Amino acid sequence: MSSIGTGYDLSASTYSPDGRVFQVEYAHKAVDNSGTCIGIRAKDGVVLAVEKLVHSKLLVPGSNKRIMTADMHVGVATAGLVADGRYLVNRARDEAKGYRDNYKSPIPGNVIAERVAQYVQAYTLYSYVRPFGISALIATYDKSGPALYGIEPSGVYYGYYGTAIGKGKQVAKTELEKLKLSELSVEEAVKHAARIIYTVHDEVKDKDFELELSWICERSGGVHQFVPKDLADEAEQAAKASLQEEMDED
């Protein structure tokens, strides 16, 4: 059967004859056109890294961040449409606040991942809304330890030791599979994440980018925060040096 929409892509509530929902597939394309995001679940925490593409030299550095905090113990990184990412993070904040108000305790990682995923999936059911044009990585740290979840535009979510989303996800996943993630410390994970982001960055098509790094771990007291500047700068310099060595070998 046809691999293009041919009229079946006008609504998210319409299936094609071969059982596909083209609006959801188009949402995946929006994610694949975005900068790469990486999540690594180390032995003592979770690290998030984002290749935030800079489309204009007039932009203020540090603006339009792709990594945000949903609760003190919950960090979210998004790839895709920036505005959709902000809206989804605000929904995650509402879920975290509601859980805390009702149960007087922080929301568990699997609960917030499931609730946000259900919210995303609801936007694939009705003809008068469109699917979210983002994928999200959720990093949490609670009494059961660190956890990493990935949410797709279809509303499906998975738990991961390491994963990547965005335009460089295939190369990034290949690099992640080479690592013994469960044996890494968060400091080592930060350096590997920075190296992988620089490896997947396409200098021909995308000239400039900002590297965003955050973690939630024992060292941060179980609070999601951006990686300290000295460690982030060290990781970025090591990544540039590693990339230069690979280019010299070639």
# chains A, B, ... in the order shown; residues from 1 in each chain; ligands from 1
$ residues_around --residues "Glu114 (chain A)" --least-positions-apart "3" --cutoff "12 Å" --atoms "only C-alpha atoms" --output "list in words"
Ala92, Glu95, Ala96, Ile107, Pro108, Gly109, Asn110, Val111, Ala117, Gln118, Tyr119, Val120, Gln121, Ile138, Tyr149, Gly150, Ile151, Glu152, Gly155, Val156, Tyr157, Tyr158 and Gly159 of chain A
$ select_by_dssp --residues "region 18-83 of chain A" --states "helix (DSSP H, G or I)" --output "NGL selection string"
:A and (22-32 or 82-83)
$ write_last_selection --atoms "all heavy atoms" --output "CSV table (one decimal), in the first residue's frame"
chain,number,residue,atom,x,y,z
A,22,PHE,N,-0.6,8.9,10.2
A,22,PHE,CA,0.4,9.7,9.6
A,22,PHE,C,0.8,10.9,10.4
A,22,PHE,O,1.9,11.4,10.4
A,22,PHE,CB,0.0,10.0,8.1
A,22,PHE,CG,0.2,8.9,7.2
A,22,PHE,CD1,-1.0,8.2,6.8
A,22,PHE,CD2,1.4,8.5,6.7
A,22,PHE,CE1,-0.8,7.2,5.9
A,22,PHE,CE2,1.5,7.5,5.8
A,22,PHE,CZ,0.4,6.8,5.4
A,23,GLN,N,-0.2,11.5,11.1
A,23,GLN,CA,0.1,12.7,11.9
A,23,GLN,C,1.1,12.4,12.9
A,23,GLN,O,2.0,13.2,13.2
A,23,GLN,CB,-1.2,13.2,12.5
A,23,GLN,CG,-2.2,13.9,11.5
A,23,GLN,CD,-1.7,15.3,11.2
A,23,GLN,OE1,-1.2,16.0,12.0
A,23,GLN,NE2,-1.9,15.7,9.9
A,24,VAL,N,1.0,11.2,13.5
A,24,VAL,CA,2.0,10.8,14.5
A,24,VAL,C,3.4,10.6,13.9
A,24,VAL,O,4.4,11.0,14.5
A,24,VAL,CB,1.6,9.6,15.3
A,24,VAL,CG1,2.7,9.1,16.2
A,24,VAL,CG2,0.3,9.8,16.1
A,25,GLU,N,3.4,10.0,12.7
A,25,GLU,CA,4.7,9.8,12.0
A,25,GLU,C,5.3,11.2,11.7
A,25,GLU,O,6.5,11.4,11.7
A,25,GLU,CB,4.5,9.0,10.8
A,25,GLU,CG,4.0,7.6,11.1
A,25,GLU,CD,3.9,6.7,9.9
A,25,GLU,OE1,4.5,7.0,8.8
A,25,GLU,OE2,3.2,5.7,9.9
A,26,TYR,N,4.5,12.1,11.3
A,26,TYR,CA,5.0,13.5,11.0
A,26,TYR,C,5.6,14.1,12.2
A,26,TYR,O,6.5,14.9,12.1
A,26,TYR,CB,3.9,14.4,10.4
A,26,TYR,CG,3.3,13.9,9.0
A,26,TYR,CD1,2.1,14.3,8.6
A,26,TYR,CD2,4.1,13.0,8.2
A,26,TYR,CE1,1.6,13.8,7.4
A,26,TYR,CE2,3.5,12.5,7.0
A,26,TYR,CZ,2.3,13.0,6.6
A,26,TYR,OH,1.8,12.5,5.4
A,27,ALA,N,5.0,13.9,13.4
A,27,ALA,CA,5.5,14.4,14.6
A,27,ALA,C,6.9,13.8,14.9
A,27,ALA,O,7.8,14.6,15.4
A,27,ALA,CB,4.5,14.1,15.8
A,28,HIS,N,7.1,12.6,14.6
A,28,HIS,CA,8.4,12.0,14.7
A,28,HIS,C,9.4,12.7,13.8
A,28,HIS,O,10.6,12.9,14.2
A,28,HIS,CB,8.3,10.5,14.4
A,28,HIS,CG,7.9,9.6,15.5
A,28,HIS,ND1,8.7,9.2,16.5
A,28,HIS,CD2,6.6,9.1,15.8
A,28,HIS,CE1,8.0,8.5,17.4
A,28,HIS,NE2,6.7,8.4,17.0
A,29,LYS,N,9.0,13.1,12.6
A,29,LYS,CA,9.9,13.8,11.7
A,29,LYS,C,10.3,15.2,12.3
A,29,LYS,O,11.4,15.6,12.2
A,29,LYS,CB,9.2,14.1,10.4
A,29,LYS,CG,9.0,12.8,9.6
A,29,LYS,CD,10.3,12.2,9.1
A,29,LYS,CE,10.0,11.1,8.1
A,29,LYS,NZ,11.3,10.5,7.6
A,30,ALA,N,9.4,15.8,13.0
A,30,ALA,CA,9.7,17.1,13.7
A,30,ALA,C,10.8,16.9,14.7
A,30,ALA,O,11.7,17.7,14.9
A,30,ALA,CB,8.5,17.7,14.3
A,31,VAL,N,10.7,15.8,15.4
A,31,VAL,CA,11.7,15.4,16.4
A,31,VAL,C,13.1,15.2,15.8
A,31,VAL,O,14.1,15.6,16.2
A,31,VAL,CB,11.3,14.2,17.3
A,31,VAL,CG1,12.4,13.8,18.2
A,31,VAL,CG2,10.0,14.5,18.0
A,32,ASP,N,13.0,14.4,14.6
A,32,ASP,CA,14.3,14.0,13.9
A,32,ASP,C,15.0,15.2,13.3
A,32,ASP,O,16.1,15.1,12.9
A,32,ASP,CB,14.0,13.0,12.9
A,32,ASP,CG,13.6,11.6,13.5
A,32,ASP,OD1,13.9,11.4,14.7
A,32,ASP,OD2,12.9,10.8,12.8
A,82,VAL,N,10.1,23.7,20.2
A,82,VAL,CA,10.5,24.3,21.5
A,82,VAL,C,9.2,24.6,22.3
A,82,VAL,O,9.1,24.3,23.5
A,82,VAL,CB,11.4,25.5,21.3
A,82,VAL,CG1,11.7,26.1,22.7
A,82,VAL,CG2,12.6,25.2,20.6
A,83,ALA,N,8.2,25.2,21.6
A,83,ALA,CA,7.0,25.6,22.4
A,83,ALA,C,6.2,24.4,22.9
A,83,ALA,O,5.7,24.5,24.0
A,83,ALA,CB,6.1,26.5,21.4
$ atom_distance --atom1 "CA of Leu213 (chain A)" --atom2 "CA of Glu249 (chain A)"
28.0 Å
$ atom_distance --atom1 "CA of His192 (chain A)" --atom2 "CA of Ala49 (chain A)"
9.8 Å
$ residues_around --residues "Val76 (chain A)" --least-positions-apart "4" --cutoff "6 Å" --atoms "only C-alpha atoms" --output "CSV table (one decimal) with N, CA and C atoms, in the first residue's frame"
chain,number,residue,atom,x,y,z
A,67,ILE,N,16.6,21.9,28.3
A,67,ILE,CA,16.6,21.2,29.6
A,67,ILE,C,15.9,22.0,30.6
A,68,MET,N,14.8,21.5,31.2
A,68,MET,CA,14.1,22.2,32.2
A,68,MET,C,13.8,21.3,33.4
A,137,LEU,N,12.9,13.3,27.3
A,137,LEU,CA,13.7,12.4,28.3
A,137,LEU,C,13.4,13.0,29.7
A,138,ILE,N,13.0,12.1,30.6
A,138,ILE,CA,12.7,12.5,31.9
A,138,ILE,C,13.7,11.8,32.9
$ closest_residue --among "A:Leu211, A:Ala194, A:Val74, A:Ala235" --to "Lys52 (chain A)" --atoms "only C-alpha atoms"
A:Leu211
$ atom_distance --atom1 "CA of Ala79 (chain A)" --atom2 "CA of Thr36 (chain A)"
6.9 Å
$ residues_around --residues "Ser185 (chain A)" --least-positions-apart "5" --cutoff "10 Å" --atoms "only C-alpha atoms" --output "ChimeraX atom specification"
/A:41-47,190,217
$ write_last_selection --atoms "all heavy atoms" --output "PDB file, in the first residue's frame"
ATOM      1  N   ARG A  41      21.811   6.946  32.338  1.00  0.00           N
ATOM      2  CA  ARG A  41      21.565   6.553  33.730  1.00  0.00           C
ATOM      3  C   ARG A  41      22.819   5.875  34.260  1.00  0.00           C
ATOM      4  O   ARG A  41      23.120   4.737  33.907  1.00  0.00           O
ATOM      5  CB  ARG A  41      20.362   5.616  33.812  1.00  0.00           C
ATOM      6  CG  ARG A  41      20.111   5.073  35.208  1.00  0.00           C
ATOM      7  CD  ARG A  41      18.937   4.111  35.209  1.00  0.00           C
ATOM      8  NE  ARG A  41      18.877   3.343  36.445  1.00  0.00           N
ATOM      9  CZ  ARG A  41      17.992   2.370  36.684  1.00  0.00           C
ATOM     10  NH1 ARG A  41      17.097   2.059  35.759  1.00  0.00           N
ATOM     11  NH2 ARG A  41      18.013   1.720  37.815  1.00  0.00           N
ATOM     12  N   ALA A  42      23.572   6.581  35.086  1.00  0.00           N
ATOM     13  CA  ALA A  42      24.802   6.047  35.670  1.00  0.00           C
ATOM     14  C   ALA A  42      24.475   5.335  36.985  1.00  0.00           C
ATOM     15  O   ALA A  42      23.322   5.244  37.393  1.00  0.00           O
ATOM     16  CB  ALA A  42      25.798   7.177  35.898  1.00  0.00           C
ATOM     17  N   LYS A  43      25.516   4.860  37.667  1.00  0.00           N
ATOM     18  CA  LYS A  43      25.284   4.100  38.896  1.00  0.00           C
ATOM     19  C   LYS A  43      24.801   4.974  40.047  1.00  0.00           C
ATOM     20  O   LYS A  43      24.147   4.487  40.974  1.00  0.00           O
ATOM     21  CB  LYS A  43      26.560   3.355  39.302  1.00  0.00           C
ATOM     22  CG  LYS A  43      27.741   4.266  39.627  1.00  0.00           C
ATOM     23  CD  LYS A  43      28.981   3.444  39.959  1.00  0.00           C
ATOM     24  CE  LYS A  43      30.177   4.345  40.265  1.00  0.00           C
ATOM     25  NZ  LYS A  43      31.397   3.545  40.564  1.00  0.00           N
ATOM     26  N   ASP A  44      25.105   6.283  39.986  1.00  0.00           N
ATOM     27  CA  ASP A  44      24.730   7.165  41.094  1.00  0.00           C
ATOM     28  C   ASP A  44      23.921   8.379  40.653  1.00  0.00           C
ATOM     29  O   ASP A  44      23.783   9.351  41.394  1.00  0.00           O
ATOM     30  CB  ASP A  44      25.983   7.641  41.840  1.00  0.00           C
ATOM     31  CG  ASP A  44      27.007   8.290  40.919  1.00  0.00           C
ATOM     32  OD1 ASP A  44      26.892   8.134  39.694  1.00  0.00           O
ATOM     33  OD2 ASP A  44      27.937   8.955  41.429  1.00  0.00           O
ATOM     34  N   GLY A  45      23.357   8.330  39.445  1.00  0.00           N
ATOM     35  CA  GLY A  45      22.547   9.457  38.998  1.00  0.00           C
ATOM     36  C   GLY A  45      22.251   9.392  37.517  1.00  0.00           C
ATOM     37  O   GLY A  45      22.557   8.402  36.846  1.00  0.00           O
ATOM     38  N   VAL A  46      21.637  10.448  37.011  1.00  0.00           N
ATOM     39  CA  VAL A  46      21.268  10.540  35.596  1.00  0.00           C
ATOM     40  C   VAL A  46      21.820  11.837  35.018  1.00  0.00           C
ATOM     41  O   VAL A  46      21.773  12.890  35.668  1.00  0.00           O
ATOM     42  CB  VAL A  46      19.738  10.511  35.402  1.00  0.00           C
ATOM     43  CG1 VAL A  46      19.381  10.561  33.916  1.00  0.00           C
ATOM     44  CG2 VAL A  46      19.138   9.274  36.045  1.00  0.00           C
ATOM     45  N   VAL A  47      22.348  11.756  33.810  1.00  0.00           N
ATOM     46  CA  VAL A  47      22.894  12.919  33.103  1.00  0.00           C
ATOM     47  C   VAL A  47      22.083  13.155  31.834  1.00  0.00           C
ATOM     48  O   VAL A  47      21.785  12.223  31.095  1.00  0.00           O
ATOM     49  CB  VAL A  47      24.378  12.704  32.738  1.00  0.00           C
ATOM     50  CG1 VAL A  47      24.876  13.835  31.837  1.00  0.00           C
ATOM     51  CG2 VAL A  47      25.227  12.611  33.990  1.00  0.00           C
ATOM     52  N   VAL A 190      29.022  12.537  32.325  1.00  0.00           N
ATOM     53  CA  VAL A 190      29.013  13.891  31.768  1.00  0.00           C
ATOM     54  C   VAL A 190      30.021  14.003  30.630  1.00  0.00           C
ATOM     55  O   VAL A 190      29.724  14.551  29.559  1.00  0.00           O
ATOM     56  CB  VAL A 190      29.325  14.935  32.870  1.00  0.00           C
ATOM     57  CG1 VAL A 190      29.663  16.288  32.256  1.00  0.00           C
ATOM     58  CG2 VAL A 190      28.147  15.079  33.813  1.00  0.00           C
ATOM     59  N   CYS A 217      21.666  13.586  40.931  1.00  0.00           N
ATOM     60  CA  CYS A 217      22.515  12.520  41.459  1.00  0.00           C
ATOM     61  C   CYS A 217      22.746  12.724  42.956  1.00  0.00           C
ATOM     62  O   CYS A 217      22.223  13.651  43.573  1.00  0.00           O
ATOM     63  CB  CYS A 217      23.856  12.514  40.725  1.00  0.00           C
ATOM     64  SG  CYS A 217      24.699  14.122  40.743  1.00  0.00           S
TER      65      CYS A 217
END
$ closest_residue --among "A:Thr69, A:Phe132, A:Pro17, A:Val60" --to "Gly85 (chain A)" --atoms "only C-alpha atoms"
A:Phe132
$ select_by_dssp --residues "region 58-128 of chain A" --states "strand (DSSP E or B)" --output "list in words"
Ile67, Met68, Thr69, Ala70, Asp71, Val74, Gly75, Val76, Ala77, Thr78, Ala79 and Gly80 of chain A
$ write_last_selection --atoms "C-alpha atoms" --output "short mmCIF file (atom, residue, chain, number, x, y, z; two decimals), in the first residue's frame"
data_model
loop_
_atom_site.label_atom_id
_atom_site.label_comp_id
_atom_site.auth_asym_id
_atom_site.auth_seq_id
_atom_site.Cartn_x
_atom_site.Cartn_y
_atom_site.Cartn_z
CA ILE A 67 16.57 21.17 29.56
CA MET A 68 14.06 22.22 32.21
CA THR A 69 13.08 21.24 35.74
CA ALA A 70 9.60 19.83 36.40
CA ASP A 71 10.15 19.27 40.14
CA VAL A 74 12.65 15.66 38.02
CA GLY A 75 14.49 17.01 34.97
CA VAL A 76 13.17 17.04 31.40
CA ALA A 77 15.04 17.37 28.10
CA THR A 78 13.09 17.77 24.86
CA ALA A 79 13.80 17.44 21.14
CA GLY A 80 11.41 18.86 18.56
#
$ residues_around --residues "Ala239 (chain A)" --least-positions-apart "6" --cutoff "9 Å" --atoms "only C-alpha atoms" --output "MDAnalysis selection string"
chainID A and resid 191:199
$ write_last_selection --atoms "all heavy atoms" --output "PDB file, in the first residue's frame"
ATOM      1  N   LYS A 191      31.215  13.465  30.835  1.00  0.00           N
ATOM      2  CA  LYS A 191      32.254  13.543  29.802  1.00  0.00           C
ATOM      3  C   LYS A 191      31.875  12.736  28.568  1.00  0.00           C
ATOM      4  O   LYS A 191      32.097  13.170  27.431  1.00  0.00           O
ATOM      5  CB  LYS A 191      33.586  13.069  30.381  1.00  0.00           C
ATOM      6  CG  LYS A 191      34.122  13.973  31.482  1.00  0.00           C
ATOM      7  CD  LYS A 191      35.443  13.479  32.043  1.00  0.00           C
ATOM      8  CE  LYS A 191      35.953  14.402  33.142  1.00  0.00           C
ATOM      9  NZ  LYS A 191      37.223  13.941  33.727  1.00  0.00           N
ATOM     10  N   HIS A 192      31.310  11.543  28.779  1.00  0.00           N
ATOM     11  CA  HIS A 192      30.891  10.727  27.642  1.00  0.00           C
ATOM     12  C   HIS A 192      29.742  11.398  26.887  1.00  0.00           C
ATOM     13  O   HIS A 192      29.711  11.372  25.649  1.00  0.00           O
ATOM     14  CB  HIS A 192      30.461   9.336  28.117  1.00  0.00           C
ATOM     15  CG  HIS A 192      31.596   8.433  28.457  1.00  0.00           C
ATOM     16  ND1 HIS A 192      32.523   8.022  27.520  1.00  0.00           N
ATOM     17  CD2 HIS A 192      31.959   7.837  29.626  1.00  0.00           C
ATOM     18  CE1 HIS A 192      33.408   7.218  28.090  1.00  0.00           C
ATOM     19  NE2 HIS A 192      33.089   7.094  29.373  1.00  0.00           N
ATOM     20  N   ALA A 193      28.809  11.995  27.610  1.00  0.00           N
ATOM     21  CA  ALA A 193      27.672  12.658  26.967  1.00  0.00           C
ATOM     22  C   ALA A 193      28.150  13.825  26.099  1.00  0.00           C
ATOM     23  O   ALA A 193      27.693  13.998  24.960  1.00  0.00           O
ATOM     24  CB  ALA A 193      26.684  13.142  28.021  1.00  0.00           C
ATOM     25  N   ALA A 194      29.079  14.614  26.625  1.00  0.00           N
ATOM     26  CA  ALA A 194      29.619  15.740  25.858  1.00  0.00           C
ATOM     27  C   ALA A 194      30.351  15.234  24.615  1.00  0.00           C
ATOM     28  O   ALA A 194      30.199  15.798  23.516  1.00  0.00           O
ATOM     29  CB  ALA A 194      30.554  16.566  26.732  1.00  0.00           C
ATOM     30  N   ARG A 195      31.125  14.173  24.775  1.00  0.00           N
ATOM     31  CA  ARG A 195      31.866  13.621  23.631  1.00  0.00           C
ATOM     32  C   ARG A 195      30.909  13.131  22.546  1.00  0.00           C
ATOM     33  O   ARG A 195      31.123  13.380  21.345  1.00  0.00           O
ATOM     34  CB  ARG A 195      32.760  12.467  24.107  1.00  0.00           C
ATOM     35  CG  ARG A 195      33.496  11.757  22.970  1.00  0.00           C
ATOM     36  CD  ARG A 195      34.298  10.586  23.494  1.00  0.00           C
ATOM     37  NE  ARG A 195      33.466   9.596  24.162  1.00  0.00           N
ATOM     38  CZ  ARG A 195      32.753   8.668  23.499  1.00  0.00           C
ATOM     39  NH1 ARG A 195      32.768   8.642  22.173  1.00  0.00           N
ATOM     40  NH2 ARG A 195      32.034   7.778  24.165  1.00  0.00           N
ATOM     41  N   ILE A 196      29.832  12.463  22.946  1.00  0.00           N
ATOM     42  CA  ILE A 196      28.888  11.926  21.969  1.00  0.00           C
ATOM     43  C   ILE A 196      28.156  13.053  21.244  1.00  0.00           C
ATOM     44  O   ILE A 196      27.936  12.987  20.028  1.00  0.00           O
ATOM     45  CB  ILE A 196      27.887  10.981  22.665  1.00  0.00           C
ATOM     46  CG1 ILE A 196      28.628   9.730  23.176  1.00  0.00           C
ATOM     47  CG2 ILE A 196      26.773  10.563  21.713  1.00  0.00           C
ATOM     48  CD1 ILE A 196      27.773   8.830  24.047  1.00  0.00           C
ATOM     49  N   ILE A 197      27.783  14.112  21.964  1.00  0.00           N
ATOM     50  CA  ILE A 197      27.111  15.246  21.320  1.00  0.00           C
ATOM     51  C   ILE A 197      28.020  15.860  20.256  1.00  0.00           C
ATOM     52  O   ILE A 197      27.572  16.168  19.137  1.00  0.00           O
ATOM     53  CB  ILE A 197      26.711  16.313  22.361  1.00  0.00           C
ATOM     54  CG1 ILE A 197      25.560  15.811  23.221  1.00  0.00           C
ATOM     55  CG2 ILE A 197      26.330  17.614  21.672  1.00  0.00           C
ATOM     56  CD1 ILE A 197      24.241  15.643  22.512  1.00  0.00           C
ATOM     57  N   TYR A 198      29.308  16.028  20.571  1.00  0.00           N
ATOM     58  CA  TYR A 198      30.233  16.590  19.592  1.00  0.00           C
ATOM     59  C   TYR A 198      30.460  15.631  18.432  1.00  0.00           C
ATOM     60  O   TYR A 198      30.690  16.059  17.296  1.00  0.00           O
ATOM     61  CB  TYR A 198      31.564  16.950  20.259  1.00  0.00           C
ATOM     62  CG  TYR A 198      31.589  18.359  20.785  1.00  0.00           C
ATOM     63  CD1 TYR A 198      31.126  18.648  22.069  1.00  0.00           C
ATOM     64  CD2 TYR A 198      32.052  19.414  20.009  1.00  0.00           C
ATOM     65  CE1 TYR A 198      31.128  19.941  22.554  1.00  0.00           C
ATOM     66  CE2 TYR A 198      32.058  20.710  20.486  1.00  0.00           C
ATOM     67  CZ  TYR A 198      31.602  20.975  21.756  1.00  0.00           C
ATOM     68  OH  TYR A 198      31.593  22.268  22.232  1.00  0.00           O
ATOM     69  N   THR A 199      30.379  14.329  18.702  1.00  0.00           N
ATOM     70  CA  THR A 199      30.569  13.336  17.641  1.00  0.00           C
ATOM     71  C   THR A 199      29.429  13.366  16.634  1.00  0.00           C
ATOM     72  O   THR A 199      29.647  13.275  15.422  1.00  0.00           O
ATOM     73  CB  THR A 199      30.680  11.923  18.247  1.00  0.00           C
ATOM     74  OG1 THR A 199      31.817  11.863  19.118  1.00  0.00           O
ATOM     75  CG2 THR A 199      30.848  10.873  17.153  1.00  0.00           C
TER      76      THR A 199
END
